[in-house]
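Read the structure below first, then the notes.
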Amino acid sequence: GENVEQHPSTLSVQEGDSAVIKCTYSDSASNYFPWYKQELGKGPQLIIDIRSNVGEKKDQRIAVTLNKTAKHFSLHITETQPEDSAVYFCAAATGTASKLTFGTGTRLQVTL
Amino acid sequence: EAGVAQSPRYKIIEKRQSVAFWCNPISGHATLYWYQQILGQGPKLLIQFQNNGVVDDSQLPKDRFSAERLKGVDSTLKIQPAKLEDSAVYLCASSDRGSEKLFFGSGTQLSVL
């Protein structure tokens, strides 16, 4: 089955700096790659997603890049703010979202 | 728009006891999922329903876990008997038909002592 690895497990940045989280996947048939943000005591919330026919996608301060050849994708957050502090999960799916395999998460802390 | 509702928020039981979790998805969402999230890990799919039919339960430990979705709306996940390793957050999610965007509830945190 699919295996998703995520790095780093923790990331601390100063407010205003950029943050980058990287994931690799094993199944070359995977074609859907969402990113979820999970705040303490809440369920994961979808923040951005990308499909395998697209190399990059942006939404305001967040962007995701995908390298199908290398089987890795990354989340980029620019101009980080304290409210960006949370656990971020990458995921990969083949065909439908029901087959989502999640990474192990990255705890991002944005310090003042 | 109301989100995915789950209850209870927390549950503490002893091993070998039974427990049940309830989920009410977003109105109109045909697909409902139950995920297990062990501390420090990403969510793992336990079961997926399309309306009131099971689409995928390949990772559900069927000897102790069961789930149902009556009338294609609310769903209940049950564990009987519970084991220590079942301690986790149980997340319910729903999605609209044909959509890959999952909306998660806040989860039920289960502690098995």
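A note on labels: chains of the structure tokens are A, B, ... as shown, every chain counts residues from 1, and ligands are counted from 1 in their shown order.
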
Could you write out as a PyMOL selection string the residues of chain B within 10 Å of chain A, counting only C-alpha atoms? chain B and resi 4+9+31-33+39-45+47-49+55-56+89-93+95+98-109

I want to know what sits within 12 Å of Phe73 (chain A), based on only C-alpha atoms, with residues of the same chain fewer than 4 positions away left out; could you give that as a VMD selection string? chain A and resid 4 to 7 20 to 26 30 to 35 49 to 52 54 to 57 63 to 69 89 to 92 103

Excluding Ser18 (chain A) and its own-chain neighbours fewer than 5 positions away, which residues fall within 12 Å of it when counting only C-alpha atoms? Please give them as a PDB file with N, CA, C and O atoms, in the first residue's frame.
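Generated file (out05.pdb):
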ATOM      1  N   LEU A  11       8.956  22.027  13.677  1.00  0.00           N
ATOM      2  CA  LEU A  11       9.543  23.155  12.963  1.00  0.00           C
ATOM      3  C   LEU A  11       9.209  24.425  13.722  1.00  0.00           C
ATOM      4  O   LEU A  11       8.030  24.683  13.988  1.00  0.00           O
ATOM      5  N   SER A  12      10.231  25.175  14.080  1.00  0.00           N
ATOM      6  CA  SER A  12      10.024  26.437  14.776  1.00  0.00           C
ATOM      7  C   SER A  12      10.587  27.558  13.928  1.00  0.00           C
ATOM      8  O   SER A  12      11.743  27.499  13.511  1.00  0.00           O
ATOM      9  N   VAL A  13       9.769  28.564  13.656  1.00  0.00           N
ATOM     10  CA  VAL A  13      10.193  29.704  12.853  1.00  0.00           C
ATOM     11  C   VAL A  13       9.758  30.981  13.550  1.00  0.00           C
ATOM     12  O   VAL A  13       8.832  30.981  14.371  1.00  0.00           O
ATOM     13  N   ARG A  61      -0.890  32.993   1.182  1.00  0.00           N
ATOM     14  CA  ARG A  61       0.447  32.773   1.740  1.00  0.00           C
ATOM     15  C   ARG A  61       0.901  31.317   1.688  1.00  0.00           C
ATOM     16  O   ARG A  61       2.023  31.007   2.098  1.00  0.00           O
ATOM     17  N   ILE A  62       0.064  30.446   1.225  1.00  0.00           N
ATOM     18  CA  ILE A  62       0.457  29.038   1.175  1.00  0.00           C
ATOM     19  C   ILE A  62       0.550  28.559  -0.267  1.00  0.00           C
ATOM     20  O   ILE A  62      -0.175  29.036  -1.153  1.00  0.00           O
ATOM     21  N   ALA A  63       1.476  27.634  -0.487  1.00  0.00           N
ATOM     22  CA  ALA A  63       1.672  27.065  -1.812  1.00  0.00           C
ATOM     23  C   ALA A  63       2.086  25.613  -1.653  1.00  0.00           C
ATOM     24  O   ALA A  63       2.674  25.225  -0.631  1.00  0.00           O
ATOM     25  N   LEU A  75       4.886  21.754   1.171  1.00  0.00           N
ATOM     26  CA  LEU A  75       4.022  22.869   1.564  1.00  0.00           C
ATOM     27  C   LEU A  75       4.911  24.047   1.933  1.00  0.00           C
ATOM     28  O   LEU A  75       5.867  23.889   2.693  1.00  0.00           O
ATOM     29  N   HIS A  76       4.591  25.201   1.387  1.00  0.00           N
ATOM     30  CA  HIS A  76       5.354  26.408   1.662  1.00  0.00           C
ATOM     31  C   HIS A  76       4.409  27.439   2.274  1.00  0.00           C
ATOM     32  O   HIS A  76       3.356  27.743   1.691  1.00  0.00           O
ATOM     33  N   ILE A  77       4.797  27.953   3.423  1.00  0.00           N
ATOM     34  CA  ILE A  77       4.024  29.025   4.057  1.00  0.00           C
ATOM     35  C   ILE A  77       4.936  30.240   4.154  1.00  0.00           C
ATOM     36  O   ILE A  77       6.019  30.170   4.750  1.00  0.00           O
ATOM     37  N   THR A  78       4.527  31.338   3.559  1.00  0.00           N
ATOM     38  CA  THR A  78       5.321  32.557   3.619  1.00  0.00           C
ATOM     39  C   THR A  78       4.725  33.516   4.652  1.00  0.00           C
ATOM     40  O   THR A  78       3.555  33.398   5.037  1.00  0.00           O
ATOM     41  N   GLU A  79       5.577  34.442   5.111  1.00  0.00           N
ATOM     42  CA  GLU A  79       5.139  35.478   6.064  1.00  0.00           C
ATOM     43  C   GLU A  79       4.343  34.838   7.211  1.00  0.00           C
ATOM     44  O   GLU A  79       3.206  35.232   7.486  1.00  0.00           O
ATOM     45  N   THR A  80       4.939  33.877   7.866  1.00  0.00           N
ATOM     46  CA  THR A  80       4.229  33.135   8.902  1.00  0.00           C
ATOM     47  C   THR A  80       3.726  34.046  10.012  1.00  0.00           C
ATOM     48  O   THR A  80       4.347  35.067  10.356  1.00  0.00           O
ATOM     49  N   GLN A  81       2.584  33.645  10.572  1.00  0.00           N
ATOM     50  CA  GLN A  81       1.938  34.382  11.652  1.00  0.00           C
ATOM     51  C   GLN A  81       1.678  33.428  12.819  1.00  0.00           C
ATOM     52  O   GLN A  81       1.622  32.200  12.616  1.00  0.00           O
ATOM     53  N   ASP A  84      -0.590  30.520  12.465  1.00  0.00           N
ATOM     54  CA  ASP A  84      -0.190  29.387  11.635  1.00  0.00           C
ATOM     55  C   ASP A  84       0.309  28.225  12.492  1.00  0.00           C
ATOM     56  O   ASP A  84       0.492  27.110  11.987  1.00  0.00           O
ATOM     57  N   LEU A 108       4.267  22.816  13.688  1.00  0.00           N
ATOM     58  CA  LEU A 108       4.846  24.123  13.369  1.00  0.00           C
ATOM     59  C   LEU A 108       4.566  25.099  14.497  1.00  0.00           C
ATOM     60  O   LEU A 108       3.418  25.263  14.917  1.00  0.00           O
ATOM     61  N   GLN A 109       5.618  25.721  14.976  1.00  0.00           N
ATOM     62  CA  GLN A 109       5.474  26.758  15.992  1.00  0.00           C
ATOM     63  C   GLN A 109       6.037  28.061  15.450  1.00  0.00           C
ATOM     64  O   GLN A 109       7.188  28.105  15.017  1.00  0.00           O
ATOM     65  N   VAL A 110       5.225  29.084  15.447  1.00  0.00           N
ATOM     66  CA  VAL A 110       5.642  30.400  14.990  1.00  0.00           C
ATOM     67  C   VAL A 110       5.806  31.282  16.218  1.00  0.00           C
ATOM     68  O   VAL A 110       4.851  31.532  16.948  1.00  0.00           O
TER      69      VAL A 110
END

Secondary structure check, helix (DSSP H, G or I) residues of chain A, as an MDAnalysis selection string: chainID A and resid 82:84 97:99

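Taking CA of Val19 (chain B) and CA of Gly3 (chain B) as the two end points, the separation is 23.4 Å.
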
May I have the residues within 12 Å of Leu70 (chain B) as a compact mmCIF listing (two decimals) with all heavy atoms, in the first residue's frame, using only C-alpha atoms and disregarding those fewer than 5 positions away in the same chain?
# COMPACT_ATOMS: atom_id res chain seq x y z
N TRP B 22 -20.68 8.67 18.28
CA TRP B 22 -21.73 9.10 17.35
C TRP B 22 -21.24 10.22 16.45
O TRP B 22 -20.43 11.06 16.87
CB TRP B 22 -22.95 9.56 18.17
CG TRP B 22 -24.04 10.16 17.36
CD1 TRP B 22 -25.02 9.52 16.68
CD2 TRP B 22 -24.28 11.56 17.16
NE1 TRP B 22 -25.85 10.42 16.07
CE2 TRP B 22 -25.41 11.68 16.34
CE3 TRP B 22 -23.62 12.72 17.60
CZ2 TRP B 22 -25.92 12.91 15.95
CZ3 TRP B 22 -24.13 13.95 17.21
CH2 TRP B 22 -25.27 14.02 16.40
N CYS B 23 -21.73 10.22 15.23
CA CYS B 23 -21.33 11.24 14.27
C CYS B 23 -22.54 11.68 13.44
O CYS B 23 -23.31 10.84 12.94
CB CYS B 23 -20.25 10.71 13.32
SG CYS B 23 -19.84 11.82 11.94
N ASN B 24 -22.65 12.99 13.27
CA ASN B 24 -23.67 13.55 12.38
C ASN B 24 -22.94 14.36 11.31
O ASN B 24 -22.33 15.39 11.62
CB ASN B 24 -24.64 14.44 13.16
CG ASN B 24 -25.72 15.02 12.26
OD1 ASN B 24 -25.83 16.23 12.09
ND2 ASN B 24 -26.50 14.16 11.65
N LEU B 32 -19.34 9.23 4.34
CA LEU B 32 -18.96 9.40 5.75
C LEU B 32 -17.79 8.46 6.05
O LEU B 32 -17.76 7.31 5.58
CB LEU B 32 -20.15 9.10 6.65
CG LEU B 32 -19.96 9.32 8.17
CD1 LEU B 32 -21.27 9.79 8.80
CD2 LEU B 32 -19.41 8.10 8.85
N PHE B 49 -18.40 4.95 4.38
CA PHE B 49 -19.77 4.69 3.95
C PHE B 49 -20.12 5.59 2.77
O PHE B 49 -19.75 6.75 2.73
CB PHE B 49 -20.78 5.00 5.06
CG PHE B 49 -20.73 4.09 6.25
CD1 PHE B 49 -19.97 4.43 7.36
CD2 PHE B 49 -21.46 2.91 6.26
CE1 PHE B 49 -19.94 3.60 8.47
CE2 PHE B 49 -21.44 2.08 7.37
CZ PHE B 49 -20.67 2.42 8.47
N GLN B 50 -20.87 5.05 1.82
CA GLN B 50 -21.49 5.84 0.77
C GLN B 50 -22.99 5.66 1.00
O GLN B 50 -23.52 4.56 0.83
CB GLN B 50 -21.09 5.35 -0.62
CG GLN B 50 -21.69 6.13 -1.76
CD GLN B 50 -21.02 7.49 -1.95
OE1 GLN B 50 -19.88 7.70 -1.54
NE2 GLN B 50 -21.72 8.39 -2.58
N ASN B 51 -23.65 6.75 1.40
CA ASN B 51 -25.03 6.66 1.90
C ASN B 51 -25.03 5.67 3.08
O ASN B 51 -24.30 5.87 4.02
CB ASN B 51 -25.99 6.28 0.78
CG ASN B 51 -26.02 7.37 -0.28
OD1 ASN B 51 -26.15 8.55 0.03
ND2 ASN B 51 -25.88 6.97 -1.53
N ASN B 52 -25.79 4.61 3.05
CA ASN B 52 -25.76 3.69 4.19
C ASN B 52 -25.04 2.38 3.87
O ASN B 52 -25.14 1.42 4.63
CB ASN B 52 -27.17 3.42 4.71
CG ASN B 52 -28.04 2.79 3.64
OD1 ASN B 52 -27.69 2.76 2.47
ND2 ASN B 52 -29.18 2.28 4.04
N GLY B 53 -24.31 2.35 2.75
CA GLY B 53 -23.57 1.16 2.38
C GLY B 53 -22.09 1.32 2.64
O GLY B 53 -21.54 2.40 2.51
N VAL B 54 -21.42 0.22 3.02
CA VAL B 54 -19.99 0.24 3.29
C VAL B 54 -19.21 0.15 1.98
O VAL B 54 -19.44 -0.75 1.17
CB VAL B 54 -19.59 -0.94 4.21
CG1 VAL B 54 -18.07 -0.98 4.39
CG2 VAL B 54 -20.27 -0.81 5.56
N SER B 75 -24.06 8.21 12.02
CA SER B 75 -23.30 6.98 12.10
C SER B 75 -22.84 6.74 13.52
O SER B 75 -22.62 7.68 14.29
CB SER B 75 -22.09 7.03 11.17
OG SER B 75 -21.31 5.84 11.27
N THR B 76 -22.70 5.45 13.85
CA THR B 76 -22.18 5.06 15.16
C THR B 76 -21.03 4.09 14.97
O THR B 76 -21.11 3.17 14.15
CB THR B 76 -23.28 4.37 15.99
OG1 THR B 76 -24.39 5.25 16.13
CG2 THR B 76 -22.75 4.03 17.38
N LEU B 77 -19.96 4.31 15.71
CA LEU B 77 -18.80 3.41 15.73
C LEU B 77 -18.73 2.80 17.12
O LEU B 77 -18.79 3.52 18.11
CB LEU B 77 -17.51 4.17 15.43
CG LEU B 77 -16.20 3.38 15.50
CD1 LEU B 77 -16.12 2.36 14.36
CD2 LEU B 77 -15.00 4.32 15.46

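Minimum atom-to-atom distance to Gly16 (chain A), evaluated using only C-alpha atoms, belongs to A:Glu83 out of A:Ser28, A:Asp59, A:Thr94, A:Glu83.
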
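Note that the spacing between CA of Ile79 (chain B) and CA of Ile13 (chain B) amounts to 11.0 Å.
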
Any idea what the distance is between CA of Val112 (chain B) and CA of Lys62 (chain B)? 18.4 Å

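For the choices B:Ser58, B:Arg16, B:Ser87, B:Gly72, the atom-to-atom distance to Gly1 (chain A) is smallest for B:Ser58 when using only C-alpha atoms.
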
Using DSSP on the backbone coordinates, identify the residues of region 14-110 of chain B assigned to strand (DSSP E or B); present them as a count of residues only. 46

Any idea what's packed within 7 Å of Thr111 (chain A), counting only C-alpha atoms, ignoring anything in its chain fewer than 6 positions away? Could you give it as a compact mmCIF listing (two decimals) with N, CA, C and O atoms, in the first residue's frame?
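So the final result, stored in out_9.txt, reads:
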# COMPACT_ATOMS: atom_id res chain seq x y z
N VAL A 13 9.77 28.56 13.66
CA VAL A 13 10.19 29.70 12.85
C VAL A 13 9.76 30.98 13.55
O VAL A 13 8.83 30.98 14.37
N GLN A 14 10.44 32.06 13.20
CA GLN A 14 10.04 33.35 13.74
C GLN A 14 8.95 33.96 12.86
O GLN A 14 8.90 33.72 11.64
N GLU A 15 8.11 34.71 13.49
CA GLU A 15 7.03 35.38 12.75
C GLU A 15 7.61 36.16 11.58
O GLU A 15 8.60 36.87 11.72
N PRO A 82 1.53 33.94 14.03
CA PRO A 82 1.29 33.06 15.18
C PRO A 82 0.12 32.10 14.97
O PRO A 82 0.17 30.95 15.43
